[in-house]
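Peer 1: What follows is model05.tsv, TSV, C-alpha atoms.
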chain	number	residue	atom	x	y	z
A	1	MET	CA	33.48	58.70	-41.66
A	2	TYR	CA	36.74	60.31	-40.56
A	3	ILE	CA	36.52	63.57	-38.59
A	4	ASN	CA	39.71	65.42	-37.71
A	5	ILE	CA	39.32	67.93	-34.89
A	6	VAL	CA	41.73	70.86	-35.10
A	7	THR	CA	42.43	72.64	-31.84
A	8	LEU	CA	44.99	74.63	-29.87
A	9	THR	CA	48.12	73.44	-28.08
A	10	SER	CA	47.25	75.50	-24.98
A	11	LYS	CA	45.71	74.38	-21.68
A	12	TRP	CA	42.57	76.42	-22.32
A	13	ILE	CA	39.14	74.87	-22.18
A	14	LEU	CA	39.01	74.63	-25.99
A	15	PRO	CA	41.38	71.63	-26.34
A	16	LYS	CA	39.35	69.90	-23.61
A	17	ILE	CA	36.13	70.55	-25.52
A	18	ALA	CA	37.79	69.18	-28.66
A	19	GLN	CA	38.98	66.01	-26.93
A	20	ARG	CA	35.67	65.41	-25.20
A	21	THR	CA	33.83	65.78	-28.49
A	22	ALA	CA	35.83	62.80	-29.73
A	23	ASP	CA	35.87	60.80	-26.50
A	24	TYR	CA	32.19	61.01	-25.59
A	25	TYR	CA	30.58	60.29	-28.94
A	26	PRO	CA	28.42	57.23	-28.11
A	27	HIS	CA	27.93	55.71	-31.57
A	28	SER	CA	30.06	53.71	-33.97
A	29	GLY	CA	30.89	54.64	-37.53
A	30	ILE	CA	32.98	57.75	-36.83
A	31	ASP	CA	36.78	57.75	-36.62
A	32	PHE	CA	38.28	60.74	-34.82
A	33	THR	CA	41.67	62.33	-34.57
A	34	VAL	CA	42.47	65.40	-32.51
A	35	GLY	CA	45.39	67.51	-33.68
A	36	HIS	CA	46.60	70.98	-34.46
A	37	ALA	CA	46.28	71.17	-38.25
A	38	PRO	CA	43.72	70.18	-40.89
A	39	VAL	CA	44.11	66.78	-42.56
A	40	GLY	CA	43.44	66.67	-46.29
A	41	ARG	CA	42.17	63.10	-46.36
A	42	ALA	CA	39.65	63.70	-43.55
A	43	ASP	CA	35.99	63.70	-44.52
A	44	VAL	CA	35.53	66.65	-42.17
A	45	ASN	CA	37.91	69.03	-40.45
A	46	TYR	CA	36.28	70.52	-37.38
A	47	TYR	CA	38.03	73.63	-36.01
A	48	VAL	CA	37.82	74.23	-32.23
A	49	ASP	CA	37.85	77.15	-32.40
A	50	ILE	CA	37.48	79.29	-35.53
A	51	GLN	CA	39.35	82.35	-34.29
A	52	ASN	CA	42.52	80.48	-33.38
A	53	CYS	CA	42.49	77.45	-35.66
A	54	TYR	CA	40.84	78.33	-38.97
A	55	PHE	CA	42.69	80.49	-41.47
A	56	GLY	CA	40.79	80.09	-44.72
A	57	TYR	CA	41.57	76.43	-45.38
A	58	LYS	CA	39.42	74.49	-47.84
A	59	THR	CA	39.24	70.73	-47.49
A	60	LYS	CA	36.47	68.26	-48.27
A	61	CYS	CA	34.28	69.73	-45.55
A	62	ASP	CA	35.16	72.39	-42.99
A	63	VAL	CA	33.08	73.11	-39.90
A	64	GLY	CA	34.06	75.61	-37.22
A	65	TYR	CA	33.29	76.16	-33.56
A	66	PHE	CA	32.69	79.80	-32.70
A	67	CYS	CA	33.16	80.90	-29.10
A	68	HIS	CA	34.07	84.58	-28.89
A	69	VAL	CA	33.02	87.95	-30.27
A	70	HIS	CA	35.21	90.72	-28.93
A	71	GLN	CA	33.01	93.10	-26.89
A	72	ASN	CA	29.99	91.65	-28.74
A	73	SER	CA	31.00	93.79	-31.71
A	74	ARG	CA	29.51	93.12	-35.14
A	75	GLU	CA	32.27	95.23	-36.64
A	76	TRP	CA	34.97	93.12	-34.99
A	77	LEU	CA	33.32	89.93	-36.26
A	78	ALA	CA	32.92	91.32	-39.78
A	79	GLU	CA	36.64	92.07	-39.86
A	80	LEU	CA	37.47	88.57	-38.61
A	81	VAL	CA	35.26	87.11	-41.33
A	82	ARG	CA	37.10	89.13	-43.94
A	83	LYS	CA	40.60	88.30	-42.67
A	84	GLN	CA	40.06	84.56	-42.20
A	85	ASN	CA	37.53	83.95	-44.97
A	86	ILE	CA	35.13	82.41	-42.46
A	87	PHE	CA	32.12	82.47	-44.78
A	88	GLN	CA	33.63	79.67	-46.86
A	89	LEU	CA	33.18	77.31	-43.90
A	90	ASP	CA	30.55	74.68	-44.66
A	91	GLY	CA	29.02	75.09	-41.21
A	92	ILE	CA	29.45	76.94	-37.92
A	93	ILE	CA	28.57	75.77	-34.42
A	94	SER	CA	28.17	78.69	-32.06
A	95	MET	CA	28.80	78.33	-28.34
A	96	ASN	CA	25.81	80.49	-27.40
A	97	ARG	CA	22.75	82.08	-28.89
A	98	ARG	CA	24.15	85.59	-28.45
A	99	TYR	CA	26.94	84.86	-30.94
A	100	THR	CA	24.59	82.96	-33.23
A	101	GLU	CA	22.46	86.09	-33.54
A	102	ILE	CA	25.53	88.21	-34.32
A	103	LEU	CA	26.61	85.73	-37.00
A	104	GLU	CA	23.07	85.84	-38.42
A	105	SER	CA	23.15	89.64	-38.43
A	106	ILE	CA	26.25	89.79	-40.65
A	107	GLY	CA	24.74	87.37	-43.16
A	108	TYR	CA	26.00	83.86	-42.40
A	109	PRO	CA	23.39	81.41	-43.80
A	110	LEU	CA	20.97	80.16	-41.17
A	111	GLU	CA	20.85	76.64	-42.60
A	112	LYS	CA	24.59	76.29	-41.98
A	113	LEU	CA	24.48	77.64	-38.42
A	114	THR	CA	23.52	76.18	-35.05
A	115	THR	CA	23.98	76.77	-31.33
A	116	ILE	CA	25.38	73.97	-29.14
A	117	THR	CA	26.48	74.79	-25.61
A	118	PRO	CA	29.21	72.61	-24.06
A	119	GLY	CA	29.65	71.33	-20.55
A	120	GLU	CA	28.81	68.75	-17.92
A	121	THR	CA	28.90	69.82	-14.28
A	122	ARG	CA	26.16	67.89	-12.50
A	123	ASP	CA	28.40	65.19	-10.95
A	124	MET	CA	31.58	67.14	-10.27
A	125	PHE	CA	29.55	70.04	-8.90
A	126	PRO	CA	26.70	68.40	-6.97
A	127	PHE	CA	23.77	70.37	-5.62
A	128	ARG	CA	24.87	72.27	-2.54
A	129	LYS	CA	22.57	71.46	0.34
A	130	ILE	CA	20.98	74.30	2.28
A	131	VAL	CA	22.40	74.32	5.80
A	132	LEU	CA	19.98	75.02	8.64
A	133	GLY	CA	21.39	75.74	12.07
A	134	ILE	CA	19.52	74.93	15.29
A	135	VAL	CA	21.14	76.70	18.23
A	136	SER	CA	19.31	75.38	21.26
A	137	ARG	CA	19.21	72.68	23.85
A	138	GLY	CA	16.85	69.80	23.27
A	139	GLY	CA	15.42	67.77	26.12
A	140	GLN	CA	12.83	70.25	27.38
A	141	PRO	CA	9.45	70.01	25.60
A	142	ASP	CA	9.32	73.79	25.08
A	143	TYR	CA	12.54	73.63	23.06
A	144	GLY	CA	10.89	71.48	20.41
A	145	PRO	CA	12.61	68.08	20.42
A	146	SER	CA	9.35	66.28	19.63
A	147	PHE	CA	8.57	68.86	16.96
A	148	MET	CA	11.90	68.23	15.22
A	149	GLU	CA	11.32	64.49	15.38
A	150	SER	CA	7.87	64.94	13.84
A	151	PHE	CA	9.21	67.24	11.18
A	152	PHE	CA	11.95	64.83	10.16
A	153	ARG	CA	9.36	62.06	9.80
A	154	PHE	CA	7.09	64.30	7.74
A	155	TYR	CA	9.43	66.15	5.35
A	156	ASP	CA	11.81	65.09	2.59
A	157	CYS	CA	15.07	66.69	3.76
A	158	THR	CA	17.19	65.51	0.81
A	159	ASN	CA	18.33	69.01	-0.13
A	160	PHE	CA	19.02	70.18	3.41
A	161	LYS	CA	21.68	69.69	6.05
A	162	PHE	CA	20.96	70.32	9.73
A	163	ARG	CA	23.55	71.50	12.21
A	164	PHE	CA	22.62	71.32	15.90
A	165	LEU	CA	24.53	73.36	18.46
A	166	GLY	CA	23.36	72.34	21.90
A	167	ASP	CA	22.87	69.34	24.17
A	168	ASN	CA	20.12	66.76	24.63
A	169	TRP	CA	19.00	66.02	21.08
A	170	ASP	CA	19.21	62.28	21.69
A	171	ASN	CA	15.65	61.67	20.55
A	172	VAL	CA	16.51	63.04	17.09
A	173	TYR	CA	19.50	60.74	16.44
A	174	PRO	CA	17.49	57.62	15.49
A	175	ILE	CA	15.16	59.36	13.04
A	176	VAL	CA	18.05	61.19	11.38
A	177	LYS	CA	19.81	57.88	10.86
A	178	GLU	CA	16.66	56.09	9.76
A	179	LYS	CA	15.73	58.74	7.18
A	180	ASN	CA	19.33	59.24	6.02
A	181	ILE	CA	19.14	62.96	6.84
A	182	GLU	CA	22.45	64.79	6.83
A	183	ALA	CA	22.93	66.27	10.29
A	184	ASP	CA	25.67	66.90	12.81
A	185	PHE	CA	25.53	67.65	16.50
A	186	THR	CA	27.87	69.82	18.56
A	187	THR	CA	27.41	69.33	22.29
A	188	ASP	CA	29.14	70.63	25.42
A	189	ALA	CA	30.22	73.65	23.38
A	190	ASP	CA	31.83	76.70	24.89
A	191	TYR	CA	30.21	79.97	23.82
A	192	SER	CA	33.46	80.97	22.11
A	193	VAL	CA	32.69	78.54	19.25
A	194	TYR	CA	29.35	80.15	18.43
A	195	PRO	CA	30.61	82.89	16.05
A	196	ALA	CA	32.42	80.31	13.91
A	197	PHE	CA	29.29	78.12	13.87
A	198	TYR	CA	27.19	80.86	12.29
A	199	LYS	CA	29.68	81.10	9.43
A	200	THR	CA	28.80	77.51	8.47
A	201	ILE	CA	25.01	77.84	8.11
A	202	ASP	CA	22.69	79.43	5.57
A	203	TYR	CA	19.68	79.94	7.86
A	204	LEU	CA	18.96	79.86	11.55
A	205	LEU	CA	15.98	77.65	12.36
A	206	VAL	CA	14.14	78.55	15.56
A	207	GLN	CA	12.25	75.40	16.43
A	208	GLY	CA	10.93	76.17	19.91
A	209	ILE	CA	7.34	75.67	20.97
A	210	ALA	CA	7.57	78.29	23.72
A	211	THR	CA	10.64	80.37	24.63
A	212	ALA	CA	11.41	83.81	25.99
A	213	GLY	CA	14.04	84.56	23.35
A	214	PRO	CA	15.72	82.86	21.78
A	215	MET	CA	19.11	84.55	22.07
A	216	SER	CA	20.20	82.70	18.93
A	217	MET	CA	17.96	85.04	16.95
A	218	GLN	CA	20.02	88.04	18.03
A	219	GLU	CA	23.20	86.17	17.15
A	220	ALA	CA	21.98	85.26	13.67
A	221	LEU	CA	20.70	88.76	12.95
A	222	SER	CA	24.08	90.15	13.99
A	223	THR	CA	25.75	88.07	11.28
A	224	GLY	CA	23.12	88.89	8.65
A	225	ILE	CA	21.93	85.28	8.39
A	226	PRO	CA	18.22	84.92	7.53
A	227	VAL	CA	16.00	83.48	10.23
A	228	ILE	CA	13.22	80.90	9.97
A	229	ALA	CA	11.33	81.04	13.24
A	230	SER	CA	8.35	79.68	15.05
A	231	ASN	CA	6.17	82.51	16.33
A	232	VAL	CA	7.56	82.63	19.87
A	233	GLY	CA	9.42	85.04	22.16
A	234	PHE	CA	11.13	87.86	20.28
A	235	VAL	CA	9.64	86.90	16.93
A	236	ASN	CA	7.54	89.65	15.34
A	237	TYR	CA	7.89	91.75	18.50
A	238	GLU	CA	11.46	92.83	19.21
A	239	PHE	CA	12.90	91.27	16.04
A	240	LYS	CA	11.59	90.35	12.60
A	241	ALA	CA	12.26	86.91	11.17
A	242	ASP	CA	12.49	86.30	7.43
A	243	TYR	CA	10.04	83.41	7.64
A	244	VAL	CA	7.55	82.67	10.44
A	245	TYR	CA	5.45	79.59	11.14
A	246	ASP	CA	3.09	78.67	13.95
A	247	PRO	CA	4.81	76.78	16.80
A	248	GLY	CA	4.69	73.04	16.25
A	249	ASN	CA	3.23	73.29	12.73
A	250	VAL	CA	5.27	70.95	10.55
A	251	GLU	CA	3.19	71.68	7.43
A	252	GLN	CA	3.91	75.41	7.61
A	253	LEU	CA	7.63	74.82	8.07
A	254	ALA	CA	7.58	72.43	5.13
A	255	VAL	CA	6.05	75.13	2.92
A	256	ILE	CA	8.80	77.55	3.96
A	257	LEU	CA	11.56	75.07	3.18
A	258	ASP	CA	9.96	74.30	-0.18
A	259	SER	CA	10.01	78.00	-1.03
A	260	ILE	CA	13.64	78.30	0.05
A	261	GLN	CA	14.91	75.40	-1.99
A	262	GLN	CA	12.87	76.12	-5.13
A	263	PRO	CA	15.14	78.88	-6.54
A	264	ARG	CA	18.20	76.68	-6.08
A	265	LEU	CA	16.50	73.73	-7.73
A	266	ALA	CA	15.46	75.99	-10.62
A	267	ARG	CA	19.09	77.10	-11.07
A	268	ARG	CA	20.24	73.49	-11.06
A	269	ALA	CA	17.58	72.51	-13.58
A	270	GLN	CA	19.09	74.88	-16.14
A	271	VAL	CA	22.20	72.70	-16.45
A	272	GLU	CA	21.22	69.31	-15.05
A	273	HIS	CA	20.40	67.85	-18.46
A	274	MET	CA	23.77	68.80	-19.97
A	275	SER	CA	26.38	66.14	-20.65
A	276	TRP	CA	29.45	65.70	-22.82
A	277	LYS	CA	27.78	62.68	-24.38
A	278	GLN	CA	24.81	64.80	-25.49
A	279	TYR	CA	27.08	67.65	-26.57
A	280	SER	CA	29.21	65.36	-28.73
A	281	THR	CA	26.11	63.74	-30.21
A	282	ASP	CA	24.61	67.12	-31.13
A	283	VAL	CA	27.89	68.32	-32.67
A	284	ILE	CA	28.31	65.21	-34.81
A	285	ASN	CA	24.65	65.22	-35.86
A	286	PHE	CA	25.07	68.77	-37.14
A	287	ILE	CA	28.24	67.83	-38.99
A	288	LEU	CA	26.48	64.86	-40.56
A	289	LYS	CA	23.64	67.15	-41.59
A	290	ILE	CA	26.12	69.52	-43.24
A	291	LYS	CA	27.69	66.56	-45.03
A	292	GLY	CA	24.26	65.51	-46.26
A	293	VAL	CA	24.35	62.21	-44.38
A	294	ARG	CA	21.31	63.20	-42.28
Using structure tokens, write down the structure that the file contains.
Peer 2:
Amino acid sequence: MYINIVTLTSKWILPKIAQRTADYYPHSGIDFTVGHAPVGRADVNYYVDIQNCYFGYKTKCDVGYFCHVHQNSREWLAELVRKQNIFQLDGIISMNRRYTEILESIGYPLEKLTTITPGETRDMFPFRKIVLGIVSRGGQPDYGPSFMESFFRFYDCTNFKFRFLGDNWDNVYPIVKEKNIEADFTTDADYSVYPAFYKTIDYLLVQGIATAGPMSMQEALSTGIPVIASNVGFVNYEFKADYVYDPGNVEQLAVILDSIQQPRLARRAQVEHMSWKQYSTDVINFILKIKGVR
């Protein structure tokens, strides 16, 4: 089967969608061309998109890609249908369900209509790790070096990055390396670098087992950064943390981090399955259905 894809000459996303539809189709038996006009000898002319590329042509089989309804207006779409004779298309692929419903509402046949959303972002736009800042010296037992070591051994930190600002975290280096945990350490730092540090983290993590402050909590609150804190010092007395766990309790901290990452993972899950290969396959399967091949 020969499918000619008709698209724009611009640098918009539409020509890229057209080209990727041809490039990513994983099966044999389909010959593609991508151009700027319908081809009479093609088994199918596929217009990407309808508004800019289809003007009432009639070839062996005409399928259009619909991607815009001005101000979501049924009236605007009805006028476009009239001007460009869109209802004589053999099939329409809508970019989103919103536009599919508008097309349905003005009478386009449901059996000739589908919704296929384009895109593949999972590799080029990888999951952004949640950055936790620890602003404290290690070394002293009260400052939680053993707790952090225990936590790193206990918890899957794949979706987190840890930034330490302070000296004497030597005991943590081996476990971070062993578990392939993303972490960096800033030592011998002058206090002047602290404001810039807070701009690089998503949460302050107060890890101490026993401490009078910590002063880092005041610093984080000043910037508006949420605080995850063990129940020590200022916490729940002078200042309120966003999340609180019992000092030294790795299980409670793990539950907090699970709750923090869950919304981000849910957002990612909405698009993680999407690929140009699947998009192209779905588009061609619909075209083959319209042609009566499937």
Peer 1: Record the distance separating CA of Ile175 in chain A and CA of Val244 in chain A, expressed in Å with one decimal.
Peer 2: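 So the two atoms, CA of Ile175 in chain A and CA of Val244 in chain A, lie 24.7 Å apart.
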Peer 1: Taking only C-alpha atoms into account, which of A:Gly133, A:Gly208, A:Pro214, A:Gly224 comes nearest Asp184 in chain A?
Peer 2: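 Using only C-alpha atoms, the shortest distance to Asp184 in chain A belongs to A:Gly133.
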Peer 1: Calculated over only C-alpha atoms, which of the candidates A:Phe197, A:Tyr191, A:Tyr47, A:Tyr65 has the smallest distance to Phe164 in chain A?
Peer 2: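 Ranking A:Phe197, A:Tyr191, A:Tyr47, A:Tyr65 by distance to Phe164 in chain A, first place goes to A:Phe197.
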Peer 1: Have a look at CA of Leu288 in chain A and CA of Ser10 in chain A and let me know their distance in Å, one decimal.
Peer 2: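 Computing it gives 28.1 Å between the two atoms.
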Peer 1: Any idea what the distance is between CA of Leu8 in chain A and CA of Ser280 in chain A?
Peer 2: 18.3 Å
Peer 1: When distances are computed from only C-alpha atoms, which of A:Lys199, A:His27, A:Arg20, A:Lys112 shows the smallest separation from Val48 in chain A?
Peer 2: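 Counting only C-alpha atoms, the residue closest to Val48 in chain A is A:Arg20.
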Peer 1: Which one is closest to Ala212 in chain A: A:Thr158, A:Glu101, A:Asp142, A:Gly107? Count only C-alpha atoms.
Peer 2: A:Asp142
Peer 1: Check the smallest atom-to-atom distance from each of A:Glu104, A:Glu178, A:Glu111, A:Glu75 to Asp90 in chain A using only C-alpha atoms, then report the winner.
Peer 2: A:Glu111
Peer 1: Can you complete the atoms of range 64-82 of chain A to N, CA, C and O atoms and list them as a CSV table (one decimal), in the coordinates of the input?
Peer 2:
chain,number,residue,atom,x,y,z
A,64,GLY,N,33.4,74.9,-38.3
A,64,GLY,CA,34.1,75.6,-37.2
A,64,GLY,C,33.2,75.8,-36.0
A,64,GLY,O,32.0,75.9,-36.0
A,65,TYR,N,33.9,75.9,-34.9
A,65,TYR,CA,33.3,76.2,-33.6
A,65,TYR,C,33.6,77.6,-33.2
A,65,TYR,O,34.8,78.0,-33.1
A,66,PHE,N,32.5,78.4,-33.0
A,66,PHE,CA,32.7,79.8,-32.7
A,66,PHE,C,32.4,80.1,-31.2
A,66,PHE,O,31.3,79.8,-30.7
A,67,CYS,N,33.3,80.7,-30.6
A,67,CYS,CA,33.2,80.9,-29.1
A,67,CYS,C,33.5,82.3,-28.6
A,67,CYS,O,33.5,82.5,-27.4
A,68,HIS,N,33.8,83.3,-29.4
A,68,HIS,CA,34.1,84.6,-28.9
A,68,HIS,C,33.8,85.7,-29.9
A,68,HIS,O,34.3,85.6,-31.1
A,69,VAL,N,33.1,86.7,-29.5
A,69,VAL,CA,33.0,88.0,-30.3
A,69,VAL,C,33.5,89.1,-29.4
A,69,VAL,O,32.9,89.3,-28.3
A,70,HIS,N,34.6,89.7,-29.8
A,70,HIS,CA,35.2,90.7,-28.9
A,70,HIS,C,34.2,91.8,-28.6
A,70,HIS,O,33.7,92.5,-29.6
A,71,GLN,N,33.9,92.1,-27.3
A,71,GLN,CA,33.0,93.1,-26.9
A,71,GLN,C,31.7,93.1,-27.6
A,71,GLN,O,31.0,94.1,-27.8
A,72,ASN,N,31.3,91.8,-28.0
A,72,ASN,CA,30.0,91.6,-28.7
A,72,ASN,C,29.9,92.6,-30.0
A,72,ASN,O,28.8,93.0,-30.3
A,73,SER,N,31.0,92.8,-30.6
A,73,SER,CA,31.0,93.8,-31.7
A,73,SER,C,30.8,93.1,-33.1
A,73,SER,O,31.5,92.3,-33.5
A,74,ARG,N,29.7,93.6,-33.8
A,74,ARG,CA,29.5,93.1,-35.1
A,74,ARG,C,30.7,93.5,-36.1
A,74,ARG,O,31.1,92.8,-37.0
A,75,GLU,N,31.2,94.7,-35.8
A,75,GLU,CA,32.3,95.2,-36.6
A,75,GLU,C,33.5,94.4,-36.5
A,75,GLU,O,34.2,94.1,-37.5
A,76,TRP,N,33.8,94.0,-35.2
A,76,TRP,CA,35.0,93.1,-35.0
A,76,TRP,C,34.8,91.8,-35.7
A,76,TRP,O,35.7,91.3,-36.4
A,77,LEU,N,33.6,91.2,-35.6
A,77,LEU,CA,33.3,89.9,-36.3
A,77,LEU,C,33.4,90.0,-37.8
A,77,LEU,O,34.0,89.2,-38.4
A,78,ALA,N,32.9,91.1,-38.3
A,78,ALA,CA,32.9,91.3,-39.8
A,78,ALA,C,34.4,91.4,-40.3
A,78,ALA,O,34.7,90.8,-41.3
A,79,GLU,N,35.2,92.0,-39.5
A,79,GLU,CA,36.6,92.1,-39.9
A,79,GLU,C,37.3,90.7,-39.8
A,79,GLU,O,38.1,90.3,-40.6
A,80,LEU,N,36.9,89.9,-38.7
A,80,LEU,CA,37.5,88.6,-38.6
A,80,LEU,C,37.0,87.7,-39.8
A,80,LEU,O,37.8,86.9,-40.3
A,81,VAL,N,35.8,87.8,-40.2
A,81,VAL,CA,35.3,87.1,-41.3
A,81,VAL,C,36.1,87.4,-42.6
A,81,VAL,O,36.4,86.5,-43.4
A,82,ARG,N,36.4,88.7,-42.7
A,82,ARG,CA,37.1,89.1,-43.9
A,82,ARG,C,38.5,88.6,-43.9
A,82,ARG,O,39.0,88.0,-44.9
